[in-house]
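Asker: Following this message is one structure expressed as structure tokens.
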Amino acid sequence: MTSKLISTEKAAALVKNGDTITIAGFVGTGVPDELLIALEKRFFSEGNPRELTLLFSAGPGDGKFRGLNRLAHIPLVKRIIGGHFGLIPKLGKLALNGEIEAYNIPQGLITHLYRDIASGKPGVFTKIGIGTFADPRIEGGKVNKNTHEDLIKIIDVEGEEYLFIKTFPINIAIIRGTTADFVGNVSMEREALRLDNLAQAMATKNSGGIVIAQVEKFLTHKKVNARKVEIPGAMVDAVVISKPENHLQTYDVPYSPYLDGTKRNESTEEKSVELGLRKIVARRALLELPKEKKVVNLGIGMPETIADVAREEGRINSIILTAEAGVIGGQPAGGLSFGGAYNTDAIMSQNQQFDFYDGGGIELAFLGMAQVSIRGDVNVSRFSDRLSGAGGFVNISSSAKNVVFCGTFTAGGLKIDIEDGSLRIQQEGESTKFINQVQQITFSGSVASSLRKPVKYITERCVFELVEDQIELIEVASGIDIEKDILKKMEFLPLIRNVKLMDSKIFQQTPMRDTKG
């Protein structure tokens with residue numbers, strides 16, 4: 001039987017002008033850099049391919065030049081449809097400048113789009129994203145004025161409103177695994193995440209397209225064990241062997257058996273977090289945990305610290321931590337390994353994780369916040385000079401039973417003093433975060449209010465709660481003057497009725513569990 005192994009140059013030559021391409025990867029994990037490098041090299045040498053559409057869920061990149069940043073060239077790219085742009089700033093800049101057509105669609109909806117393309121459905125029907133920037137009555141996911149086609153519509157289904165994201169054919173899938181055999185079967189034993197490689201391959205094959213797999217190893221004379229096959233050879237057209245430096249497990253970790261689940265680190269050593277802004281917010285957030293064991297999601301950024309504080313406080317085994325990339329249980333990885341986890345209990349496909357999330361599987365979500373409005377809207381996705389994208393934020397905040405937003409009260413240079421359980425502002429942040437109207441609605445306070453969803457906004461100096469389509473000040477730290485340190489640093493007046501002191505244990509040097517009172 002003819003082997004499917006080809007050179008990277010021949011693989012790159014399979015891409016035609018005008019193709020729609022889907023690329024594997026999540027943040028810095030599972031990125032097929034060998035093939036992305038070959039595509040960029042071909043473009044520079046011959047001017048082709050051109051006018052490509054890139055489809056991806058969580059923009060794989062390192063914030064500099066790796067991942068999809070390699071394809072940020074005109075006229076190589078014509079259109080991008082993605083869930084997150086935070087680590088692919090080169091493509092984000094093209095989108096913000098209106099040099100390419102660009103759509104930001106919530107990450108979970110893109111992962112489900114792959115499956116619906118594969119199964120021949122007309123599109124994704126969902127309530128996720130109603131009232132946010134994805135709603136066509138607001139922005140419809142369009143990033144700039146040069147993006148005209150309506151990919152998202154409002155559909156009535158038995159008297160209820162749904163967002164509808166239509167399907168379209170995919171010409172090329174660039175996926176990634178660990179080992180391939182001569183018929184194209186692909187395993188993923190050294191990958192930190194499964195992601196959507198299988199769904200992307202199925203969607204592309206059923207569109208009449210070409211699937212290219214980047215792997216570490218190739219078996220010439222035997223097949224991958226059937227139980228270990230993640231992408232069947234029937235769905236793979238070509239295989240490329242990558243150089244080791246272009247096939248890192250994550251951009252932070254070349255390879256760790258603790259990330260792919262091969263080994264478990266049973267060390268009981270606790271990571272101590274210095275008492276400061278991040279720990280104060282994480283400690284207060286930890287007080288929201290229910291007594292019984294529940295499924296929790298931690299967002300990127302400040303919420304990541306909650307896992308470290310939970311371990312320090314002896315609460316890590318009372319929660320089931322998850323990440324949208326597909327891990328359940330264990331200790332979430334941070335930085336460019338975000339999405340994976342150490343000592344995880346299970347690694348599922350990303351689209352299956354979003355099935356669980358969208359159906360209400362998360363009891364409590366801890367998420368970041370960059371801007372908050374008087375109506376309780378939150379923006380983390382779009383700013384005047386920066387396109388972050390929503391990632392899984394819209395799915396998680398829309399579907400979790402309880403949502404806790406975590407962040408500092410102001411941004412940019414904020415410094416504090418902590419003494420005897422009291423907090424004082426040494427230097428105020430340059431940017432106001434609690435404003436009249438957010439630049440983009442990533443979370444709709446109005447929709448949450450209509451559903452009576454419990455929502456809190458936790459900062460280092462105070463806590464707000466969503467009440468009847470507005471936010472109410474419910475707690476303040478000892479040492480903080482409400483008028484001077486809170487109200488004068490906001491663009492609106494929150495509801496104020498019965499303000500309590502934040503628990504003094506949050507501001508002590510010793511662990512909260514060791515503090516009396």
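Here's how to read the names in the structure tokens: chain A, B, ... by the order shown, residue numbers from 1 in each chain, ligand numbers from 1 in the order shown.
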Among stretch 73-113 of chain A, which residues carry a DSSP assignment of strand (DSSP E or B), reported as a list in words?
Answerer: Val77, Lys78, Arg79, Ile80, Ile81, Gly82, Glu101, Ala102, Tyr103 and Asn104 of chain A
Asker: With N, CA, C and O atoms kept, could you save the residues just selected as a PDB file, in the first residue's frame?
Answerer:
```
ATOM      1  N   VAL A  77      -3.630  35.998   3.524  1.00  0.00           N
ATOM      2  CA  VAL A  77      -4.895  35.820   4.228  1.00  0.00           C
ATOM      3  C   VAL A  77      -5.917  36.856   3.763  1.00  0.00           C
ATOM      4  O   VAL A  77      -5.590  38.040   3.637  1.00  0.00           O
ATOM      5  N   LYS A  78      -7.130  36.392   3.545  1.00  0.00           N
ATOM      6  CA  LYS A  78      -8.245  37.267   3.171  1.00  0.00           C
ATOM      7  C   LYS A  78      -9.245  37.401   4.316  1.00  0.00           C
ATOM      8  O   LYS A  78      -9.795  38.475   4.559  1.00  0.00           O
ATOM      9  N   ARG A  79      -9.485  36.301   5.022  1.00  0.00           N
ATOM     10  CA  ARG A  79     -10.540  36.271   6.051  1.00  0.00           C
ATOM     11  C   ARG A  79     -10.115  35.372   7.196  1.00  0.00           C
ATOM     12  O   ARG A  79      -9.495  34.331   6.981  1.00  0.00           O
ATOM     13  N   ILE A  80     -10.446  35.764   8.433  1.00  0.00           N
ATOM     14  CA  ILE A  80     -10.235  34.903   9.590  1.00  0.00           C
ATOM     15  C   ILE A  80     -11.538  34.758  10.363  1.00  0.00           C
ATOM     16  O   ILE A  80     -12.304  35.710  10.502  1.00  0.00           O
ATOM     17  N   ILE A  81     -11.789  33.545  10.841  1.00  0.00           N
ATOM     18  CA  ILE A  81     -12.956  33.238  11.670  1.00  0.00           C
ATOM     19  C   ILE A  81     -12.408  32.516  12.888  1.00  0.00           C
ATOM     20  O   ILE A  81     -11.989  31.351  12.799  1.00  0.00           O
ATOM     21  N   GLY A  82     -12.348  33.209  14.019  1.00  0.00           N
ATOM     22  CA  GLY A  82     -11.679  32.633  15.174  1.00  0.00           C
ATOM     23  C   GLY A  82     -12.370  32.914  16.487  1.00  0.00           C
ATOM     24  O   GLY A  82     -13.188  33.834  16.597  1.00  0.00           O
ATOM     25  N   GLU A 101     -11.018  40.562   6.268  1.00  0.00           N
ATOM     26  CA  GLU A 101     -12.319  40.304   6.885  1.00  0.00           C
ATOM     27  C   GLU A 101     -12.076  39.488   8.153  1.00  0.00           C
ATOM     28  O   GLU A 101     -11.211  38.600   8.169  1.00  0.00           O
ATOM     29  N   ALA A 102     -12.817  39.775   9.205  1.00  0.00           N
ATOM     30  CA  ALA A 102     -12.549  39.085  10.467  1.00  0.00           C
ATOM     31  C   ALA A 102     -13.818  38.907  11.281  1.00  0.00           C
ATOM     32  O   ALA A 102     -14.629  39.833  11.405  1.00  0.00           O
ATOM     33  N   TYR A 103     -13.972  37.708  11.818  1.00  0.00           N
ATOM     34  CA  TYR A 103     -15.092  37.372  12.689  1.00  0.00           C
ATOM     35  C   TYR A 103     -14.568  36.800  13.997  1.00  0.00           C
ATOM     36  O   TYR A 103     -13.634  35.994  13.999  1.00  0.00           O
ATOM     37  N   ASN A 104     -15.144  37.213  15.099  1.00  0.00           N
ATOM     38  CA  ASN A 104     -14.900  36.591  16.397  1.00  0.00           C
ATOM     39  C   ASN A 104     -16.177  35.864  16.789  1.00  0.00           C
ATOM     40  O   ASN A 104     -17.202  36.498  17.048  1.00  0.00           O
TER      41      ASN A 104
END
```
Asker: Hey, what's within 10 Å of A:Pro494 if we count only C-alpha atoms and toss same-chain stuff fewer than 5 positions away? As JSON, numbers by chain, please?
Answerer: {"A": [373, 374, 375, 434, 464, 465, 470, 471, 472, 473, 474, 486, 487]}
Asker: Any idea what's packed within 8 Å of stretch 348-357 of chain A, counting only C-alpha atoms, ignoring anything in its chain fewer than 2 positions away? Could you give it as a PDB file with N, CA, C and O atoms, in the first residue's frame?
Answerer:
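Generated file (around_27.pdb):
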```
ATOM      1  N   GLY A 108     -16.611  27.887  21.787  1.00  0.00           N
ATOM      2  CA  GLY A 108     -17.402  26.664  21.816  1.00  0.00           C
ATOM      3  C   GLY A 108     -18.286  26.508  20.600  1.00  0.00           C
ATOM      4  O   GLY A 108     -18.560  25.383  20.152  1.00  0.00           O
ATOM      5  N   THR A 111     -16.120  25.080  17.826  1.00  0.00           N
ATOM      6  CA  THR A 111     -15.863  23.643  17.995  1.00  0.00           C
ATOM      7  C   THR A 111     -17.087  22.822  17.581  1.00  0.00           C
ATOM      8  O   THR A 111     -16.949  21.735  17.010  1.00  0.00           O
ATOM      9  N   HIS A 112     -18.277  23.327  17.851  1.00  0.00           N
ATOM     10  CA  HIS A 112     -19.498  22.639  17.435  1.00  0.00           C
ATOM     11  C   HIS A 112     -19.759  22.821  15.943  1.00  0.00           C
ATOM     12  O   HIS A 112     -20.388  21.965  15.306  1.00  0.00           O
ATOM     13  N   LEU A 193      -3.341  17.709  24.853  1.00  0.00           N
ATOM     14  CA  LEU A 193      -4.778  17.871  24.656  1.00  0.00           C
ATOM     15  C   LEU A 193      -5.223  17.139  23.388  1.00  0.00           C
ATOM     16  O   LEU A 193      -4.456  17.025  22.426  1.00  0.00           O
ATOM     17  N   ARG A 194      -6.477  16.676  23.382  1.00  0.00           N
ATOM     18  CA  ARG A 194      -7.051  16.085  22.172  1.00  0.00           C
ATOM     19  C   ARG A 194      -7.555  17.168  21.211  1.00  0.00           C
ATOM     20  O   ARG A 194      -7.515  17.018  20.005  1.00  0.00           O
ATOM     21  N   LEU A 195      -8.115  18.234  21.796  1.00  0.00           N
ATOM     22  CA  LEU A 195      -8.666  19.366  21.031  1.00  0.00           C
ATOM     23  C   LEU A 195      -9.741  18.896  20.057  1.00  0.00           C
ATOM     24  O   LEU A 195     -10.530  18.010  20.373  1.00  0.00           O
ATOM     25  N   ASP A 196      -9.755  19.456  18.840  1.00  0.00           N
ATOM     26  CA  ASP A 196     -10.800  19.126  17.855  1.00  0.00           C
ATOM     27  C   ASP A 196     -10.217  18.487  16.609  1.00  0.00           C
ATOM     28  O   ASP A 196     -10.806  18.560  15.523  1.00  0.00           O
ATOM     29  N   GLU A 324     -11.686  24.554  29.291  1.00  0.00           N
ATOM     30  CA  GLU A 324     -12.498  24.355  28.098  1.00  0.00           C
ATOM     31  C   GLU A 324     -11.810  23.526  27.021  1.00  0.00           C
ATOM     32  O   GLU A 324     -12.465  22.956  26.144  1.00  0.00           O
ATOM     33  N   ALA A 325     -10.472  23.450  27.071  1.00  0.00           N
ATOM     34  CA  ALA A 325      -9.745  22.683  26.055  1.00  0.00           C
ATOM     35  C   ALA A 325      -9.997  21.183  26.170  1.00  0.00           C
ATOM     36  O   ALA A 325      -9.673  20.429  25.249  1.00  0.00           O
ATOM     37  N   GLY A 326     -10.558  20.734  27.308  1.00  0.00           N
ATOM     38  CA  GLY A 326     -10.949  19.336  27.405  1.00  0.00           C
ATOM     39  C   GLY A 326     -10.482  18.582  28.631  1.00  0.00           C
ATOM     40  O   GLY A 326     -10.720  17.381  28.739  1.00  0.00           O
ATOM     41  N   VAL A 327      -9.804  19.259  29.591  1.00  0.00           N
ATOM     42  CA  VAL A 327      -9.330  18.541  30.772  1.00  0.00           C
ATOM     43  C   VAL A 327     -10.351  18.605  31.907  1.00  0.00           C
ATOM     44  O   VAL A 327     -11.047  19.610  32.079  1.00  0.00           O
ATOM     45  N   ILE A 328     -10.418  17.525  32.653  1.00  0.00           N
ATOM     46  CA  ILE A 328     -11.279  17.446  33.842  1.00  0.00           C
ATOM     47  C   ILE A 328     -10.434  16.928  34.991  1.00  0.00           C
ATOM     48  O   ILE A 328      -9.832  15.849  34.901  1.00  0.00           O
ATOM     49  N   ALA A 346      -8.995  13.256  33.269  1.00  0.00           N
ATOM     50  CA  ALA A 346      -9.453  12.889  31.932  1.00  0.00           C
ATOM     51  C   ALA A 346      -9.114  13.998  30.946  1.00  0.00           C
ATOM     52  O   ALA A 346      -9.050  15.174  31.307  1.00  0.00           O
ATOM     53  N   GLY A 359     -24.497  22.751  28.418  1.00  0.00           N
ATOM     54  CA  GLY A 359     -25.687  22.158  29.027  1.00  0.00           C
ATOM     55  C   GLY A 359     -25.823  22.436  30.507  1.00  0.00           C
ATOM     56  O   GLY A 359     -26.773  21.961  31.140  1.00  0.00           O
ATOM     57  N   GLY A 360     -24.890  23.209  31.086  1.00  0.00           N
ATOM     58  CA  GLY A 360     -24.996  23.569  32.499  1.00  0.00           C
ATOM     59  C   GLY A 360     -24.124  22.746  33.422  1.00  0.00           C
ATOM     60  O   GLY A 360     -24.375  22.686  34.634  1.00  0.00           O
ATOM     61  N   GLY A 361     -23.075  22.123  32.884  1.00  0.00           N
ATOM     62  CA  GLY A 361     -22.226  21.248  33.694  1.00  0.00           C
ATOM     63  C   GLY A 361     -21.355  21.959  34.704  1.00  0.00           C
ATOM     64  O   GLY A 361     -20.887  21.336  35.658  1.00  0.00           O
ATOM     65  N   ILE A 362     -21.115  23.263  34.503  1.00  0.00           N
ATOM     66  CA  ILE A 362     -20.275  24.015  35.440  1.00  0.00           C
ATOM     67  C   ILE A 362     -21.132  24.583  36.562  1.00  0.00           C
ATOM     68  O   ILE A 362     -22.083  25.323  36.312  1.00  0.00           O
ATOM     69  N   ASN A 395     -19.259  31.140  26.199  1.00  0.00           N
ATOM     70  CA  ASN A 395     -19.902  29.864  26.531  1.00  0.00           C
ATOM     71  C   ASN A 395     -19.942  29.639  28.034  1.00  0.00           C
ATOM     72  O   ASN A 395     -20.982  29.273  28.599  1.00  0.00           O
ATOM     73  N   ILE A 396     -18.811  29.850  28.693  1.00  0.00           N
ATOM     74  CA  ILE A 396     -18.710  29.546  30.121  1.00  0.00           C
ATOM     75  C   ILE A 396     -19.569  30.479  30.955  1.00  0.00           C
ATOM     76  O   ILE A 396     -20.326  30.039  31.827  1.00  0.00           O
ATOM     77  N   SER A 399     -23.385  29.779  30.447  1.00  0.00           N
ATOM     78  CA  SER A 399     -23.973  28.494  30.829  1.00  0.00           C
ATOM     79  C   SER A 399     -23.717  28.079  32.276  1.00  0.00           C
ATOM     80  O   SER A 399     -24.459  27.246  32.811  1.00  0.00           O
ATOM     81  N   ALA A 400     -22.674  28.624  32.921  1.00  0.00           N
ATOM     82  CA  ALA A 400     -22.381  28.242  34.306  1.00  0.00           C
ATOM     83  C   ALA A 400     -23.536  28.640  35.226  1.00  0.00           C
ATOM     84  O   ALA A 400     -24.156  29.689  35.042  1.00  0.00           O
TER      85      ALA A 400
END
```
Asker: Show me, as a list of chain:residue names, the residues that have an atom within 9 Å of A:Val211 when counting only C-alpha atoms, minus same-chain residues fewer than 6 positions from it.
Answerer: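 These residues fall inside the cut-off: A:Asn171, A:Ile172, A:Ala173, A:Ile174, A:Ile175, A:Gln200, A:Ala201, A:Met202, A:Thr204, A:Lys205, A:Met235, A:Val236, A:Asp237, A:Ala238, A:Val239.
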Asker: In stretch 249-312 of chain A, what's alpha helix (DSSP H) per DSSP? Answer as a ChimeraX atom specification?
Answerer: /A:277-286,305-312
Asker: Could those residues be written to a file, using N, CA and C atoms, as a PDB file, in the first residue's frame?
Answerer:
```
ATOM      1  N   LEU A 277      -2.187  41.559  45.454  1.00  0.00           N
ATOM      2  CA  LEU A 277      -3.445  41.752  44.739  1.00  0.00           C
ATOM      3  C   LEU A 277      -4.066  40.436  44.279  1.00  0.00           C
ATOM      4  N   ARG A 278      -3.272  39.608  43.616  1.00  0.00           N
ATOM      5  CA  ARG A 278      -3.810  38.367  43.065  1.00  0.00           C
ATOM      6  C   ARG A 278      -4.310  37.424  44.164  1.00  0.00           C
ATOM      7  N   LYS A 279      -3.553  37.330  45.254  1.00  0.00           N
ATOM      8  CA  LYS A 279      -3.937  36.407  46.313  1.00  0.00           C
ATOM      9  C   LYS A 279      -5.178  36.905  47.052  1.00  0.00           C
ATOM     10  N   ILE A 280      -5.278  38.207  47.265  1.00  0.00           N
ATOM     11  CA  ILE A 280      -6.455  38.757  47.938  1.00  0.00           C
ATOM     12  C   ILE A 280      -7.715  38.436  47.152  1.00  0.00           C
ATOM     13  N   VAL A 281      -7.676  38.689  45.841  1.00  0.00           N
ATOM     14  CA  VAL A 281      -8.849  38.410  44.998  1.00  0.00           C
ATOM     15  C   VAL A 281      -9.145  36.911  44.986  1.00  0.00           C
ATOM     16  N   ALA A 282      -8.099  36.099  44.858  1.00  0.00           N
ATOM     17  CA  ALA A 282      -8.295  34.649  44.817  1.00  0.00           C
ATOM     18  C   ALA A 282      -8.872  34.123  46.125  1.00  0.00           C
ATOM     19  N   ARG A 283      -8.401  34.653  47.250  1.00  0.00           N
ATOM     20  CA  ARG A 283      -8.926  34.223  48.558  1.00  0.00           C
ATOM     21  C   ARG A 283     -10.412  34.559  48.694  1.00  0.00           C
ATOM     22  N   ARG A 284     -10.766  35.778  48.309  1.00  0.00           N
ATOM     23  CA  ARG A 284     -12.194  36.148  48.418  1.00  0.00           C
ATOM     24  C   ARG A 284     -13.041  35.296  47.473  1.00  0.00           C
ATOM     25  N   ALA A 285     -12.497  35.012  46.286  1.00  0.00           N
ATOM     26  CA  ALA A 285     -13.226  34.169  45.347  1.00  0.00           C
ATOM     27  C   ALA A 285     -13.416  32.764  45.908  1.00  0.00           C
ATOM     28  N   LEU A 286     -12.398  32.267  46.605  1.00  0.00           N
ATOM     29  CA  LEU A 286     -12.455  30.920  47.168  1.00  0.00           C
ATOM     30  C   LEU A 286     -13.600  30.770  48.173  1.00  0.00           C
ATOM     31  N   THR A 305      -4.890  31.916  39.740  1.00  0.00           N
ATOM     32  CA  THR A 305      -4.314  31.900  41.085  1.00  0.00           C
ATOM     33  C   THR A 305      -5.212  31.177  42.081  1.00  0.00           C
ATOM     34  N   ILE A 306      -6.497  31.066  41.766  1.00  0.00           N
ATOM     35  CA  ILE A 306      -7.437  30.423  42.683  1.00  0.00           C
ATOM     36  C   ILE A 306      -7.037  28.975  42.939  1.00  0.00           C
ATOM     37  N   ALA A 307      -6.508  28.295  41.920  1.00  0.00           N
ATOM     38  CA  ALA A 307      -6.085  26.904  42.099  1.00  0.00           C
ATOM     39  C   ALA A 307      -4.955  26.809  43.112  1.00  0.00           C
ATOM     40  N   ASP A 308      -3.987  27.723  43.028  1.00  0.00           N
ATOM     41  CA  ASP A 308      -2.864  27.718  43.973  1.00  0.00           C
ATOM     42  C   ASP A 308      -3.338  28.015  45.397  1.00  0.00           C
ATOM     43  N   VAL A 309      -4.247  28.979  45.534  1.00  0.00           N
ATOM     44  CA  VAL A 309      -4.772  29.332  46.851  1.00  0.00           C
ATOM     45  C   VAL A 309      -5.625  28.192  47.410  1.00  0.00           C
ATOM     46  N   ALA A 310      -6.391  27.526  46.549  1.00  0.00           N
ATOM     47  CA  ALA A 310      -7.203  26.388  46.997  1.00  0.00           C
ATOM     48  C   ALA A 310      -6.315  25.279  47.541  1.00  0.00           C
ATOM     49  N   ARG A 311      -5.182  25.048  46.882  1.00  0.00           N
ATOM     50  CA  ARG A 311      -4.246  24.034  47.364  1.00  0.00           C
ATOM     51  C   ARG A 311      -3.655  24.456  48.706  1.00  0.00           C
ATOM     52  N   GLU A 312      -3.283  25.724  48.812  1.00  0.00           N
ATOM     53  CA  GLU A 312      -2.700  26.259  50.043  1.00  0.00           C
ATOM     54  C   GLU A 312      -3.674  26.165  51.205  1.00  0.00           C
TER      55      GLU A 312
END
```
Asker: Given the choices A:Lys4, A:Gly391, A:Lys222, A:Ile130, which gets closest to A:Ala234 if the distance is worked out from only C-alpha atoms?
Answerer: A:Lys4
Asker: Go ahead and compute the interatomic distance for atom CA of A:Pro136 and atom CA of A:Asp150, in Å to one decimal.
Answerer: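 Computing it gives 7.9 Å between the two atoms.
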Asker: How far is it from atom CA of A:Ser187 to atom CA of A:Ala24, in Å with one decimal?
Answerer: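 Separation of atom CA of A:Ser187 and atom CA of A:Ala24: 14.6 Å.
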Asker: Excluding A:Leu367 and its own-chain neighbours fewer than 3 positions away, which residues fall within 8 Å of it when counting only C-alpha atoms? Please give them as a list in words.
Answerer: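 So, after excluding close chain neighbours, the residues are Leu298, Gly299, Ile300, Pro303, Phe393, Ser397, Val403, Val404, Phe405 and Cys406 of chain A.
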Asker: Neighbours of A:Met188 within 6 Å (only C-alpha atoms; same-chain residues fewer than 2 positions away dropped), as a PyMOL selection string?
Answerer: chain A and resi 177-178+190-191
Asker: Write the selection just made, keeping N, CA and C atoms, as a PDB file, in the first residue's frame?
Answerer:
```pdb
ATOM      1  N   GLY A 177      -0.672  15.205  15.623  1.00  0.00           N
ATOM      2  CA  GLY A 177      -0.686  14.050  16.505  1.00  0.00           C
ATOM      3  C   GLY A 177       0.732  13.658  16.874  1.00  0.00           C
ATOM      4  N   THR A 178       0.864  12.476  17.473  1.00  0.00           N
ATOM      5  CA  THR A 178       2.193  12.002  17.890  1.00  0.00           C
ATOM      6  C   THR A 178       2.774  11.007  16.893  1.00  0.00           C
ATOM      7  N   ARG A 190       1.484  11.615  23.133  1.00  0.00           N
ATOM      8  CA  ARG A 190       2.348  12.614  23.773  1.00  0.00           C
ATOM      9  C   ARG A 190       1.762  14.027  23.703  1.00  0.00           C
ATOM     10  N   GLU A 191       0.539  14.142  23.244  1.00  0.00           N
ATOM     11  CA  GLU A 191      -0.103  15.460  23.170  1.00  0.00           C
ATOM     12  C   GLU A 191      -0.775  15.783  24.504  1.00  0.00           C
TER      13      GLU A 191
END
```
Asker: Which of these residues is nearest to A:Gly339, using only C-alpha atoms: A:Leu36, A:Val372, A:Ile100, A:Ala192?
Answerer: A:Ala192
Asker: Determine, counting only C-alpha atoms, which protein, DNA and RNA residues have an atom within 12 Å of an atom of stretch 157-159 of chain A; residues of the same chain fewer than 4 positions away are not included. Present the result as a list of chain:residue names.
Answerer: A:Phe125, A:Thr126, A:Lys127, A:Leu163, A:Phe164
Asker: Taking only C-alpha atoms into account, which of A:Gln249, A:Ser381, A:Asn225, A:Gln107 comes nearest A:Asp358?
Answerer: A:Gln107
Asker: So, with only C-alpha atoms as the atoms that count, which of A:Pro32, A:Gly83, A:Lys223, A:Val15 lies closest to A:Ser388?
Answerer: A:Gly83
Asker: Go through A:Gln439, A:Glu491, A:Leu466, A:Thr22 one by one, measure the shortest atom-to-atom distance of each to A:Ile138 using only C-alpha atoms, and give the residue with the smallest value.
Answerer: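 Ranked by minimum distance to A:Ile138, first place goes to A:Gln439.
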